[in-house]
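Engineer: For reference, the file work_34.csv (CSV, C-alpha atoms) is included below:
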chain,number,residue,atom,x,y,z
A,1,MET,CA,48.4,8.4,147.9
A,2,LEU,CA,45.5,10.8,147.7
A,3,THR,CA,47.2,13.9,148.9
A,4,HIS,CA,49.0,14.5,145.6
A,5,ILE,CA,45.9,16.2,144.3
A,6,ALA,CA,45.5,18.2,147.5
A,7,THR,CA,49.0,19.6,147.0
A,8,PHE,CA,48.1,20.7,143.5
A,9,GLU,CA,47.0,24.1,144.7
A,10,SER,CA,49.7,24.7,147.4
A,11,GLY,CA,52.3,23.9,144.7
A,12,ARG,CA,50.7,26.5,142.5
A,13,SER,CA,50.5,29.4,145.0
A,14,ARG,CA,54.1,29.1,145.9
A,15,ALA,CA,55.2,28.6,142.3
A,16,GLU,CA,53.5,31.9,141.4
A,17,GLN,CA,56.5,33.7,142.8
A,18,VAL,CA,59.2,31.6,141.1
A,19,PRO,CA,59.9,31.3,137.4
A,20,LEU,CA,58.2,28.2,136.1
A,21,ILE,CA,59.9,25.3,134.5
A,22,THR,CA,63.3,26.8,135.1
A,23,THR,CA,64.7,23.8,136.8
A,24,ILE,CA,64.7,21.5,133.8
A,25,CYS,CA,65.9,24.3,131.6
A,26,THR,CA,68.8,25.2,133.8
A,27,ARG,CA,70.3,21.7,133.6
A,28,ASN,CA,73.1,23.1,131.4
A,29,ASN,CA,73.9,26.1,133.4
A,30,MET,CA,73.9,24.3,136.8
A,31,ASN,CA,77.6,25.2,137.3
A,32,GLU,CA,76.7,28.9,136.8
A,33,THR,CA,74.4,28.9,139.8
A,34,GLU,CA,76.8,26.6,141.7
A,35,LEU,CA,74.1,25.8,144.2
A,36,ARG,CA,75.0,22.2,144.1
A,37,ASN,CA,76.0,19.8,141.5
A,38,PRO,CA,75.9,16.4,143.1
A,39,ARG,CA,77.3,13.4,141.4
A,40,VAL,CA,74.3,11.0,141.3
A,41,SER,CA,74.6,7.6,139.7
A,42,GLN,CA,71.9,5.4,138.3
A,43,LEU,CA,72.1,3.2,141.4
A,44,ASP,CA,71.7,6.3,143.7
A,45,LEU,CA,68.6,7.2,141.8
A,46,PHE,CA,67.2,3.6,141.9
A,47,LEU,CA,67.7,3.4,145.7
A,48,ALA,CA,66.4,6.9,146.4
A,49,PHE,CA,63.2,6.4,144.5
A,50,SER,CA,62.8,2.9,145.9
A,51,ARG,CA,62.9,4.4,149.4
A,52,ILE,CA,60.3,7.1,148.4
A,53,SER,CA,58.0,4.5,146.8
A,54,LEU,CA,58.2,2.0,149.7
A,55,SER,CA,57.5,4.6,152.4
A,56,SER,CA,54.8,6.5,150.6
A,57,PHE,CA,51.7,5.3,152.3
A,58,GLY,CA,49.3,8.2,152.0
A,59,GLY,CA,51.1,10.5,149.6
A,60,ALA,CA,54.3,10.1,147.7
A,61,ILE,CA,55.0,13.8,147.4
A,62,PHE,CA,55.6,14.1,151.1
A,63,TRP,CA,58.3,11.4,151.0
A,64,ALA,CA,59.8,12.6,147.8
A,65,ARG,CA,60.5,16.0,149.3
A,66,ARG,CA,61.9,14.4,152.4
A,67,GLU,CA,64.3,12.2,150.4
A,68,LEU,CA,65.4,14.6,147.7
A,69,VAL,CA,65.6,17.8,149.7
A,70,GLU,CA,66.3,16.8,153.3
A,71,ARG,CA,68.1,13.4,153.1
A,72,GLN,CA,70.0,13.4,149.8
A,73,ARG,CA,70.2,17.2,149.4
A,74,TRP,CA,70.1,16.9,145.7
A,75,PHE,CA,67.7,19.9,145.5
A,76,SER,CA,67.0,23.1,147.4
A,77,GLU,CA,63.4,23.7,148.5
A,78,ARG,CA,62.8,26.1,145.7
A,79,GLU,CA,64.2,23.8,143.0
A,80,PHE,CA,62.0,21.1,144.3
A,81,VAL,CA,58.9,23.2,144.0
A,82,ASP,CA,59.9,24.0,140.5
A,83,VAL,CA,60.3,20.4,139.5
A,84,TYR,CA,57.1,19.4,141.2
A,85,THR,CA,55.1,22.1,139.5
A,86,LEU,CA,56.4,21.0,136.2
A,87,GLY,CA,55.4,17.4,137.1
A,88,GLN,CA,51.9,18.6,137.7
A,89,LEU,CA,51.6,20.3,134.4
A,90,LEU,CA,52.3,17.0,132.6
A,91,PRO,CA,49.7,14.3,132.5
A,92,GLY,CA,50.0,11.1,134.6
A,93,PRO,CA,50.9,10.6,138.2
A,94,ASN,CA,52.7,13.7,139.4
A,95,VAL,CA,55.4,12.0,141.4
A,96,LEU,CA,56.2,9.6,138.5
A,97,ASN,CA,56.7,12.7,136.3
A,98,LEU,CA,58.9,14.1,139.0
A,99,THR,CA,60.9,10.8,139.0
A,100,VAL,CA,61.5,11.0,135.2
A,101,ILE,CA,62.5,14.7,135.4
A,102,VAL,CA,64.9,14.1,138.3
A,103,GLY,CA,66.4,10.9,136.9
A,104,HIS,CA,66.9,12.5,133.5
A,105,ARG,CA,68.4,15.6,134.9
A,106,PHE,CA,71.1,13.8,136.9
A,107,ALA,CA,71.9,10.8,134.7
A,108,GLY,CA,70.2,11.1,131.4
A,109,TRP,CA,67.7,8.5,130.1
A,110,THR,CA,69.3,5.6,132.0
A,111,GLY,CA,68.9,7.7,135.1
A,112,ALA,CA,65.2,8.2,134.4
A,113,ALA,CA,64.8,4.5,133.8
A,114,ALA,CA,66.6,3.7,137.1
A,115,GLY,CA,64.4,6.1,139.0
A,116,VAL,CA,61.2,4.8,137.5
A,117,ALA,CA,62.3,1.2,138.1
A,118,GLY,CA,62.8,2.0,141.8
A,119,PHE,CA,59.6,4.1,142.0
A,120,LEU,CA,57.2,1.7,140.2
A,121,GLY,CA,58.9,-1.7,140.5
A,122,TRP,CA,58.3,-2.4,144.1
A,123,PRO,CA,54.6,-1.2,144.2
A,124,CYS,CA,54.0,-3.2,141.1
A,125,LEU,CA,55.2,-6.4,142.8
A,126,MET,CA,53.3,-5.6,145.9
A,127,VAL,CA,50.1,-4.9,144.1
A,128,VAL,CA,50.5,-8.2,142.1
A,129,GLY,CA,50.9,-9.9,145.5
A,130,MET,CA,47.6,-8.4,146.6
A,131,GLY,CA,46.1,-9.5,143.4
A,132,VAL,CA,47.1,-13.1,144.1
A,133,LEU,CA,45.6,-12.9,147.6
A,134,TYR,CA,42.5,-11.2,146.3
A,135,GLN,CA,41.9,-14.0,143.8
A,136,HIS,CA,42.4,-16.7,146.5
A,137,TYR,CA,40.7,-15.2,149.5
A,138,GLY,CA,38.6,-12.3,148.0
A,139,ALA,CA,35.4,-14.3,148.1
A,140,LEU,CA,35.6,-15.3,151.8
A,141,PRO,CA,32.8,-13.7,153.8
A,142,TYR,CA,35.1,-11.9,156.3
A,143,VAL,CA,37.4,-10.6,153.6
A,144,GLN,CA,34.3,-9.4,151.6
A,145,GLN,CA,33.0,-7.5,154.7
A,146,ALA,CA,36.4,-5.9,155.4
A,147,LEU,CA,36.8,-4.9,151.8
A,148,THR,CA,33.3,-3.3,151.7
A,149,GLY,CA,34.1,-1.3,154.8
A,150,MET,CA,37.4,-0.2,153.4
A,151,SER,CA,35.9,0.7,150.1
A,152,SER,CA,33.4,3.1,151.8
A,153,VAL,CA,36.5,4.7,153.4
A,154,ALA,CA,38.3,4.9,150.0
A,155,ALA,CA,35.2,6.8,148.6
A,156,GLY,CA,35.3,9.1,151.6
A,157,LEU,CA,39.0,9.9,151.1
A,158,LEU,CA,38.4,10.9,147.5
A,159,LEU,CA,35.4,13.0,148.5
A,160,ALA,CA,37.5,14.8,151.2
A,161,THR,CA,40.2,15.5,148.6
A,162,VAL,CA,37.6,17.2,146.4
A,163,ILE,CA,36.3,19.3,149.2
A,164,LYS,CA,39.8,20.4,150.1
A,165,LEU,CA,40.5,21.3,146.5
A,166,ALA,CA,37.2,23.1,146.0
A,167,THR,CA,37.8,25.5,148.9
A,168,VAL,CA,40.7,27.0,147.0
A,169,LEU,CA,38.8,27.7,143.8
A,170,PRO,CA,38.3,31.4,143.2
A,171,ARG,CA,34.8,32.8,144.1
A,172,HIS,CA,33.9,33.3,140.5
A,173,TRP,CA,31.3,31.6,138.4
A,174,ARG,CA,33.5,30.4,135.6
A,175,PRO,CA,35.8,27.9,137.4
A,176,TRP,CA,32.7,26.4,139.1
A,177,LEU,CA,31.0,26.2,135.7
A,178,PHE,CA,33.8,24.2,134.3
A,179,GLY,CA,34.0,22.0,137.3
A,180,VAL,CA,30.2,21.3,137.2
A,181,LEU,CA,30.3,20.6,133.4
A,182,ALA,CA,33.2,18.2,133.8
A,183,PHE,CA,31.3,16.4,136.6
A,184,VAL,CA,28.0,16.1,134.8
A,185,ALA,CA,29.6,15.1,131.5
A,186,VAL,CA,31.8,12.3,133.0
A,187,GLY,CA,30.1,11.4,136.3
A,188,ILE,CA,26.4,11.5,135.3
A,189,MET,CA,26.2,11.4,131.5
A,190,ARG,CA,29.2,8.9,131.4
A,191,TRP,CA,30.6,10.4,128.2
A,192,PRO,CA,34.1,9.3,127.2
A,193,LEU,CA,36.7,11.4,129.0
A,194,LEU,CA,38.6,12.1,125.7
A,195,TRP,CA,35.7,13.9,124.1
A,196,VAL,CA,34.9,15.8,127.3
A,197,MET,CA,38.5,17.0,127.8
A,198,GLY,CA,38.8,17.8,124.1
A,199,ALA,CA,35.7,20.1,124.4
A,200,LEU,CA,36.3,21.6,127.8
A,201,ALA,CA,40.1,21.9,128.3
A,202,PRO,CA,41.0,24.3,125.4
A,203,TRP,CA,38.0,26.5,126.4
A,204,ALA,CA,39.0,26.5,130.0
A,205,VAL,CA,42.7,27.3,129.4
A,206,PHE,CA,41.8,30.0,126.9
A,207,ALA,CA,39.4,31.6,129.5
A,208,ALA,CA,42.2,31.5,132.1
A,209,TRP,CA,44.6,33.0,129.6
A,210,LYS,CA,42.3,35.9,128.9
A,211,GLU,CA,41.7,36.5,132.6
A,212,PRO,CA,43.4,39.6,134.0
A,213,GLU,CA,45.8,39.0,136.9
B,1,MET,CA,31.4,-10.9,129.9
B,2,ASP,CA,33.2,-9.7,126.8
B,3,ARG,CA,36.3,-11.4,125.5
B,4,LEU,CA,39.3,-9.5,126.8
B,5,ASP,CA,41.0,-7.4,124.1
B,6,LEU,CA,44.4,-6.6,125.5
B,7,ALA,CA,45.5,-4.4,122.6
B,8,GLY,CA,42.3,-2.4,122.9
B,9,LEU,CA,42.9,-2.1,126.7
B,10,PHE,CA,46.4,-0.9,126.1
B,11,VAL,CA,45.4,1.8,123.6
B,12,HIS,CA,42.5,3.0,125.8
B,13,PHE,CA,44.8,3.4,128.8
B,14,LEU,CA,47.4,5.1,126.7
B,15,ILE,CA,45.0,7.7,125.5
B,16,LEU,CA,43.7,8.2,129.0
B,17,TRP,CA,47.1,8.8,130.5
B,18,PHE,CA,47.8,11.4,128.0
B,19,ILE,CA,44.8,13.4,129.2
B,20,ALA,CA,45.3,12.6,132.9
B,21,ILE,CA,46.4,16.1,133.9
B,22,GLY,CA,45.6,16.4,137.6
B,23,GLY,CA,46.5,12.8,138.4
B,24,PRO,CA,45.2,9.3,138.3
B,25,SER,CA,41.9,10.0,140.0
B,26,THR,CA,40.7,12.1,137.0
B,27,ILE,CA,40.6,9.1,134.7
B,28,LEU,CA,38.9,6.7,137.2
B,29,PRO,CA,35.4,7.5,135.8
B,30,ASP,CA,36.5,6.6,132.3
B,31,ILE,CA,38.3,3.5,133.3
B,32,HIS,CA,35.1,2.4,135.2
B,33,ARG,CA,33.0,3.3,132.1
B,34,TYR,CA,35.2,1.3,129.8
B,35,LEU,CA,35.7,-1.8,132.0
B,36,VAL,CA,32.4,-2.1,133.9
B,37,GLU,CA,29.8,-0.4,131.7
B,38,VAL,CA,31.0,-0.9,128.1
B,39,HIS,CA,32.9,-4.1,128.2
B,40,HIS,CA,31.6,-5.9,131.3
B,41,LEU,CA,35.1,-7.1,132.2
B,42,LEU,CA,34.7,-6.3,135.9
B,43,THR,CA,31.6,-6.1,138.1
B,44,ASN,CA,31.0,-2.9,140.0
B,45,ALA,CA,32.0,-4.5,143.2
B,46,GLU,CA,35.2,-6.0,141.8
B,47,PHE,CA,36.2,-2.6,140.5
B,48,VAL,CA,35.7,-0.8,143.8
B,49,GLU,CA,37.5,-3.6,145.8
B,50,ILE,CA,40.5,-3.6,143.4
B,51,TYR,CA,40.7,0.2,143.7
B,52,THR,CA,40.6,0.0,147.5
B,53,LEU,CA,43.2,-2.7,147.7
B,54,ALA,CA,45.6,-0.7,145.6
B,55,GLN,CA,45.1,2.3,148.0
B,56,VAL,CA,46.3,0.2,150.9
B,57,ALA,CA,49.6,-0.7,149.1
B,58,PRO,CA,52.5,1.7,149.2
B,59,GLY,CA,53.5,3.7,146.1
B,60,PRO,CA,51.5,6.0,143.9
B,61,ASN,CA,47.7,5.5,144.0
B,62,ALA,CA,47.9,5.1,140.2
B,63,MET,CA,48.8,1.5,140.9
B,64,TYR,CA,45.2,0.5,140.9
B,65,VAL,CA,45.5,0.2,137.1
B,66,THR,CA,48.2,-2.4,137.6
B,67,LEU,CA,46.0,-4.4,139.9
B,68,ILE,CA,43.2,-4.2,137.4
B,69,GLY,CA,45.6,-5.5,134.7
B,70,TRP,CA,46.7,-8.4,136.9
B,71,HIS,CA,43.1,-9.3,137.8
B,72,LEU,CA,42.1,-9.4,134.1
B,73,ALA,CA,45.0,-11.1,132.5
B,74,GLY,CA,48.0,-11.8,134.8
B,75,TRP,CA,51.4,-10.4,133.8
B,76,LYS,CA,50.2,-9.5,130.3
B,77,GLY,CA,47.4,-7.5,131.8
B,78,VAL,CA,49.9,-5.7,134.1
B,79,ALA,CA,51.9,-4.7,131.0
B,80,ALA,CA,48.8,-3.6,129.1
B,81,THR,CA,47.7,-1.3,131.9
B,82,THR,CA,51.0,-0.2,133.4
B,83,ILE,CA,53.2,0.6,130.4
B,84,PRO,CA,50.8,3.3,129.2
B,85,LEU,CA,51.3,5.1,132.5
B,86,LEU,CA,55.0,5.6,131.7
B,87,VAL,CA,54.6,6.7,128.1
B,88,PRO,CA,53.2,10.3,128.5
B,89,ALA,CA,55.6,11.0,131.4
B,90,ALA,CA,58.6,10.0,129.4
B,91,THR,CA,57.7,11.5,126.0
B,92,LEU,CA,56.5,14.8,127.4
B,93,THR,CA,59.6,15.2,129.6
B,94,LEU,CA,61.7,14.6,126.5
B,95,LEU,CA,59.7,17.3,124.7
B,96,VAL,CA,60.0,19.8,127.5
B,97,GLY,CA,63.7,19.0,127.7
B,98,HIS,CA,64.1,19.9,124.1
B,99,LEU,CA,62.6,23.3,124.6
B,100,ASN,CA,65.7,24.1,126.6
B,101,GLU,CA,66.8,27.2,124.8
B,102,ARG,CA,63.4,28.8,124.8
B,103,TYR,CA,62.1,29.5,128.2
B,104,PRO,CA,58.5,28.5,128.3
B,105,ASN,CA,56.1,31.3,128.9
B,106,ALA,CA,55.1,31.4,132.5
B,107,ARG,CA,51.8,33.0,131.6
B,108,ALA,CA,50.9,30.0,129.4
B,109,ALA,CA,51.8,27.6,132.2
B,110,ARG,CA,49.7,29.5,134.7
B,111,ALA,CA,46.8,29.6,132.3
B,112,VAL,CA,47.0,25.8,131.9
B,113,ARG,CA,47.0,25.2,135.6
B,114,ARG,CA,44.3,27.7,136.4
B,115,GLY,CA,42.1,26.5,133.5
B,116,LEU,CA,42.4,22.8,134.2
B,117,MET,CA,42.1,23.0,138.0
B,118,PRO,CA,38.3,23.2,138.1
B,119,ILE,CA,38.0,20.4,135.5
B,120,THR,CA,40.3,18.2,137.7
B,121,ILE,CA,38.0,18.9,140.7
B,122,GLY,CA,34.9,18.0,138.7
B,123,LEU,CA,36.5,14.7,137.5
B,124,VAL,CA,37.7,13.7,141.0
B,125,PHE,CA,34.2,14.4,142.3
B,126,ALA,CA,32.9,12.2,139.6
B,127,SER,CA,35.3,9.5,140.7
B,128,ALA,CA,34.1,9.8,144.3
B,129,THR,CA,30.4,9.5,143.4
B,130,ILE,CA,31.1,6.5,141.2
B,131,LEU,CA,32.9,4.7,144.1
B,132,MET,CA,30.1,5.7,146.5
B,133,ARG,CA,27.3,4.4,144.3
B,134,ALA,CA,29.2,1.2,143.7
B,135,VAL,CA,30.0,0.3,147.3
B,136,ASN,CA,27.4,1.9,149.5
B,137,HIS,CA,24.2,0.0,149.3
B,138,ASP,CA,22.4,1.6,152.3
B,139,TRP,CA,22.8,4.4,154.8
B,140,ARG,CA,25.5,2.6,156.8
B,141,GLY,CA,28.0,2.7,153.9
B,142,TYR,CA,27.3,6.4,153.4
B,143,LEU,CA,27.7,6.9,157.1
B,144,ILE,CA,31.2,5.4,156.9
B,145,THR,CA,32.0,7.5,153.9
B,146,LEU,CA,30.8,10.7,155.6
B,147,LEU,CA,32.7,9.9,158.8
B,148,THR,CA,35.8,9.5,156.7
B,149,VAL,CA,35.3,12.9,155.1
B,150,ALA,CA,34.8,14.5,158.5
B,151,VAL,CA,37.9,12.9,160.0
B,152,VAL,CA,40.1,13.7,157.0
B,153,LEU,CA,39.0,17.4,157.0
B,154,ARG,CA,39.8,17.8,160.7
B,155,LYS,CA,42.7,15.5,161.5
B,156,PRO,CA,46.0,14.9,159.7
B,157,TRP,CA,45.9,11.1,160.4
B,158,ASN,CA,47.4,8.6,158.1
B,159,PRO,CA,44.7,7.1,155.8
B,160,LEU,CA,45.8,3.6,156.7
B,161,TRP,CA,44.2,4.0,160.2
B,162,LEU,CA,40.9,4.9,158.5
B,163,PHE,CA,41.2,1.9,156.2
B,164,GLY,CA,41.8,-0.3,159.3
B,165,ALA,CA,38.7,1.2,161.0
B,166,GLY,CA,36.7,0.6,157.9
B,167,ALA,CA,37.8,-3.0,157.7
B,168,LEU,CA,36.9,-3.5,161.4
B,169,ALA,CA,33.4,-2.0,160.8
B,170,GLY,CA,33.0,-4.3,157.9
B,171,ILE,CA,34.0,-7.4,159.8
B,172,ALA,CA,31.8,-6.4,162.8
B,173,GLY,CA,28.9,-6.6,160.4
B,174,PHE,CA,28.2,-2.9,160.3
B,175,VAL,CA,28.0,-2.7,156.5
What would you get if you wrote out this structure as structure tokens?

Structural biologist:
Amino acid sequence: MLTHIATFESGRSRAEQVPLITTICTRNNMNETELRNPRVSQLDLFLAFSRISLSSFGGAIFWARRELVERQRWFSEREFVDVYTLGQLLPGPNVLNLTVIVGHRFAGWTGAAAGVAGFLGWPCLMVVGMGVLYQHYGALPYVQQALTGMSSVAAGLLLATVIKLATVLPRHWRPWLFGVLAFVAVGIMRWPLLWVMGALAPWAVFAAWKEPE
Amino acid sequence: MDRLDLAGLFVHFLILWFIAIGGPSTILPDIHRYLVEVHHLLTNAEFVEIYTLAQVAPGPNAMYVTLIGWHLAGWKGVAATTIPLLVPAATLTLLVGHLNERYPNARAARAVRRGLMPITIGLVFASATILMRAVNHDWRGYLITLLTVAVVLRKPWNPLWLFGAGALAGIAGFV
């Protein structure tokens, strides 16, 4: 669940060597490459993404690779990295974006819908089930104590993710400056994220664009 | 507590998901600001507990927004917070799909990733500090948080074990 961010960077370094965003573009010339052209139905997509979703305690991306590359063999390793990298460039949960891309690629928009239904439907029901329990029993002393302890752990997991990510930042002042600015603006000043991103993101991307290789 | 404005909630989440490059943890500070600080729809403690519960469920960790929606307004709330999550993914994938003939410039894609990476880190750090301040009232809470960090950085254990340990520490009266 938290490791999707931690794989942000590993996805990047491997993807440097492969042409980006090629997978979605080569949908039409799949038969040229003749790597594989599996017949995948909406039901297959629904079932595959249900399995990914229901097994993904602690990071959906791990289970997505296992299901799509190893089990179903719909993708080669490299195609999977390509699709995943594209999912990371788009906003929103990375594996959800991957679901839309994969579903759309194999079975059009109904395929994307089937994949998303499998991927989000079950967790949605489970989370609502937790919501019901929380509303009934959330105020009990033992439940409160357990939740407090677990929340301290949740904060630690997020902090560990940040530390892992920060170790791969280049040793250069500029990325660190952007990171600190984003933290201060959103975490301390509590400014709306939209304004902060509107001010910082174009500047950061432009700086990275200008940067020599 | 403010009166709940579901349409406003929907629009706010929609905007957030369009700028959530880097994943669902990057928009946590703004969701907290909107719900807890500006509109007082949730208390600080409720916000953290709901976030934590969603982390224990299977599926993407973005599902904390669904649980927030359920807590606020039942199924209508689920729709108001969960549908926005799908919109950017679907529309942008359509957009990228239409750019089929033109191969996107790899340099541009790299610049976006490199440029936004540090901002993502800053935002996730902001999320972590907001959770810590909301849940940890004294040194014992911070000790559990720091122990979690130490374990995660050293051992590839499933986070569920850590949540279990945290729950036991809580029930034992440590926090």

Engineer: Define the interface residues of chain A facing chain B as those within 6 Å, counting only C-alpha atoms, and report them as an MDAnalysis selection string.

Structural biologist: chainID A and resid 1 20 25 53:54 56:57 91:93 97 123 127 142 145:146 149:156 158:160 162 175 178:180 182:183 187 193 204:205 208:209

Engineer: Take the point (64.8, 8.4, 139.8) as written in the file and pick out every residue within 12 Å of it, counting all atoms listed in the file; give the list as a tab-separated table (two decimals) with C-alpha atoms, in the coordinates of the input.

Structural biologist:
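Listing of point_31.tsv after writing:
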chain	number	residue	atom	x	y	z
A	40	VAL	CA	74.30	11.00	141.30
A	41	SER	CA	74.60	7.60	139.70
A	42	GLN	CA	71.90	5.40	138.30
A	43	LEU	CA	72.10	3.20	141.40
A	44	ASP	CA	71.70	6.30	143.70
A	45	LEU	CA	68.60	7.20	141.80
A	46	PHE	CA	67.20	3.60	141.90
A	47	LEU	CA	67.70	3.40	145.70
A	48	ALA	CA	66.40	6.90	146.40
A	49	PHE	CA	63.20	6.40	144.50
A	50	SER	CA	62.80	2.90	145.90
A	51	ARG	CA	62.90	4.40	149.40
A	52	ILE	CA	60.30	7.10	148.40
A	53	SER	CA	58.00	4.50	146.80
A	64	ALA	CA	59.80	12.60	147.80
A	67	GLU	CA	64.30	12.20	150.40
A	68	LEU	CA	65.40	14.60	147.70
A	74	TRP	CA	70.10	16.90	145.70
A	95	VAL	CA	55.40	12.00	141.40
A	96	LEU	CA	56.20	9.60	138.50
A	97	ASN	CA	56.70	12.70	136.30
A	98	LEU	CA	58.90	14.10	139.00
A	99	THR	CA	60.90	10.80	139.00
A	100	VAL	CA	61.50	11.00	135.20
A	101	ILE	CA	62.50	14.70	135.40
A	102	VAL	CA	64.90	14.10	138.30
A	103	GLY	CA	66.40	10.90	136.90
A	104	HIS	CA	66.90	12.50	133.50
A	105	ARG	CA	68.40	15.60	134.90
A	106	PHE	CA	71.10	13.80	136.90
A	107	ALA	CA	71.90	10.80	134.70
A	108	GLY	CA	70.20	11.10	131.40
A	109	TRP	CA	67.70	8.50	130.10
A	110	THR	CA	69.30	5.60	132.00
A	111	GLY	CA	68.90	7.70	135.10
A	112	ALA	CA	65.20	8.20	134.40
A	113	ALA	CA	64.80	4.50	133.80
A	114	ALA	CA	66.60	3.70	137.10
A	115	GLY	CA	64.40	6.10	139.00
A	116	VAL	CA	61.20	4.80	137.50
A	117	ALA	CA	62.30	1.20	138.10
A	118	GLY	CA	62.80	2.00	141.80
A	119	PHE	CA	59.60	4.10	142.00
A	120	LEU	CA	57.20	1.70	140.20
A	121	GLY	CA	58.90	-1.70	140.50

Engineer: What separation in Å, quoted to one decimal, exists between atom CA of Phe47 of chain B and atom CA of Leu200 of chain A?

Structural biologist: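 Rounded to one decimal, the two atoms are 27.3 Å apart.
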
Engineer: Please, what distance in Å, to one decimal, runs between atom CA of Gly8 of chain B and atom CA of Leu133 of chain A?

Structural biologist: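 Atom CA of Gly8 of chain B sits 27.0 Å away from atom CA of Leu133 of chain A.
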
Engineer: Enter the distance from atom CA of Trp122 of chain A to atom CA of Ala60 of chain A, in Å, rounded to one decimal.

Structural biologist: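 Those two atoms sit 13.6 Å apart.
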